Amino acid sequence: MAKEKKLVEAITSMEEDFAQWYTDVVKKAELCDYASVKGCMVIKPAGYAIWENIQNELDRRFKETGVQNVYMPVFIPEGLLQKEKDHVEGFAPEVAWVTHGGLEPLQERLCVRPTSETLFCDFYAKDIHSYRDLPRVYNQWCSVVRWEKTTRPFLRSREFLWQEGHTAHATAEEAEERTKQMLNVYADFCEEVLAIPVIRGQKTDKEKFAGAEATYTIEALMHDGKALQSGTSHNFGDGFAKAFEIQFADKDNTLKYVHQTSWGMSTRIIGAIIMVHGDNNGLVLPPRIAPTQVIIIPIQQQKEGILDAAYGLKDRLSGFRVKVDDTDKSPGWKFSECEMRGIPLRVEIGPKDLAAGQAVLVRRDTHEKVTVSLDNLEEEVSRMLDTIQSDMLERARKHRDAHTSQAVTWDEFVKTVDEKPGFVKAMWCGDLACEEKIKEVTGATSRCMPFAQEHLADTCVCCGKPAKKMVYWGRAY
């Protein structure tokens, strides 16, 4: 038993040190490890399998809206990056540069892609000629490099995986419609598949993407009360088009600039899954994203017929992602291990169960045990996985709502941010100076101006001037 206890004792409790708990779960669940390249991570099979499921489901949803996948180079010539002033200034501190090709210095430095707006724009300038060429609705799955000073597994690393959509449209209305459409794809995916409730809204000008006219975001609340930006969608208007001369002949035979969008979600969403659902026993995965949905553990597997019975159950549950743990570890160790890895449902089958024509189902999220007849196994497993999925979303929503406060006065706002981790709803005048003061004094940033606006007061929580927007504020990752 000493070894079995040690597996869980290796996790620092989230109440004691949330940051260390997170790191412990990432490493003990074998999701990723530190690489010899400082600030980068090795995504291990267990972590990459989650990303593959995210990728497959998002890709399917993208394609339902008409998206096609492409691939752009990893290198961007410096001259190309310089074409859009606000964009390059926004990314300059994080850019990694290639200065040599082999032993020879390059005539022009190459940027290692931090994002691909400039490459897509350069391509669109050559590829789009007529209104008949529009819209262009492209996406690429790739890695990007941003030279972060402080890194954490999944949440912030110098190289990470993501998808970035880049679209071109004939009108401003079409671009705005696509921008919001993709944000809703992300929000629905988070809630329906990841069981993570999100706030949908618009970023302030201070927080929007460099070079964008408007940035829309989904914001999720982690278990420790910090916010995590979980997906963004940007409307570029025609700013990039003018910088890169992306024009098309319209139906009236006049030249017009395209209107563009960009949208992305990255491997940091795996960090969100961990921090929204995990507990002190390790990872807790929603069934729809879990690489293994059901783990079958044979009890006293050395006894005749038990392993055969376990594999018979696996065959019957072939409609789910299922595995049999037939290793020679003790059942207690196996229980701890599948809890650590967050497998949603455990099926136990031993000699007594087999004789009684039953199996024991154990939920990972609540540890509830239920004995079911083998005759109804498929139906019970399906029902329980659906229940786990919906319960996890509801539990996360209740946690978010319980950790969402509101403040009307400055003193109330400062006190709330300091004493109640979570979102704080408060009115804002729209002035950058107030936004910067709030961050300087409290450490909270504007998370979004929600689409679902509420009128909490007539005046700004910071300066007392007439308010323009209700904003979600919070400390964030």
# chains A, B, ... in the order shown; residues from 1 in each chain; ligands from 1
$ select_by_dssp --residues "stretch 229-263 of chain A" --states "strand (DSSP E)" --output "list in words"
Gln229, Ser230, Gly231, Thr232, Ser233, His234, Asn235, Phe236, Gly237, Gln247, Phe248, Ala249, Leu255, Lys256, Tyr257, His259, Gln260, Thr261, Ser262 and Trp263 of chain A
$ residues_around --residues "stretch 382-387 of chain A" --least-positions-apart "6" --cutoff "8 Å" --atoms "only C-alpha atoms" --output "list in words"
Pro287, Pro344 and Leu345 of chain A
$ write_last_selection --atoms "N, CA and C atoms" --output "tab-separated table (two decimals), in the first residue's frame"
chain	number	residue	atom	x	y	z
A	287	PRO	N	-15.56	13.26	-20.67
A	287	PRO	CA	-15.59	12.09	-21.55
A	287	PRO	C	-15.40	12.40	-23.04
A	344	PRO	N	-12.44	8.99	-17.37
A	344	PRO	CA	-13.76	9.30	-16.81
A	344	PRO	C	-14.47	8.16	-16.10
A	345	LEU	N	-14.32	6.92	-16.62
A	345	LEU	CA	-15.11	5.82	-16.05
A	345	LEU	C	-14.26	4.56	-15.91
$ residues_around --residues "A:Thr409" --least-positions-apart "2" --cutoff "9 Å" --atoms "only C-alpha atoms" --output "PyMOL selection string"
chain A and resi 407+411-414+426+459-462+464
$ closest_residue --among "A:Trp410, A:Lys226, A:Ile196, A:Trp51" --to "A:His277" --atoms "only C-alpha atoms"
A:Ile196
$ residues_around --residues "A:Gly342" --least-positions-apart "2" --cutoff "12 Å" --atoms "only C-alpha atoms" --output "PyMOL selection string"
chain A and resi 25-26+28-31+46-47+50+273-274+277-287+289-295+335-340+344-346+363-367
$ residues_around --residues "A:Ile76" --least-positions-apart "5" --cutoff "9 Å" --atoms "only C-alpha atoms" --output "list of chain:residue names"
A:Leu81, A:Arg109, A:Leu110, A:Cys111, A:Val112, A:Arg113, A:Ser116, A:Thr118, A:Leu119
$ closest_residue --among "A:Gly443, A:Pro153, A:Pro351, A:Gly165" --to "A:Gly66" --atoms "only C-alpha atoms"
A:Gly165
$ residues_around --residues "A:Phe240" --least-positions-apart "4" --cutoff "10 Å" --atoms "only C-alpha atoms" --output "MDAnalysis selection string"
chainID A and resid 83:85 87 117:118 121:122 211:212 236 244:246 257:261
$ select_by_dssp --residues "stretch 327-446 of chain A" --states "alpha helix (DSSP H)" --output "ChimeraX atom specification"
/A:331-340,351-356,377-402,410-419,432-442
$ closest_residue --among "A:Ile306, A:Val98, A:Met222, A:Val424" --to "A:Ala19" --atoms "only C-alpha atoms"
A:Met222
$ atom_distance --atom1 "atom CA of A:Lys415" --atom2 "atom CA of A:Gly231"
29.3 Å
$ atom_distance --atom1 "atom CA of A:Asp325" --atom2 "atom CA of A:Arg341"
13.0 Å
$ atom_distance --atom1 "atom CA of A:Tyr472" --atom2 "atom CA of A:Glu57"
28.9 Å
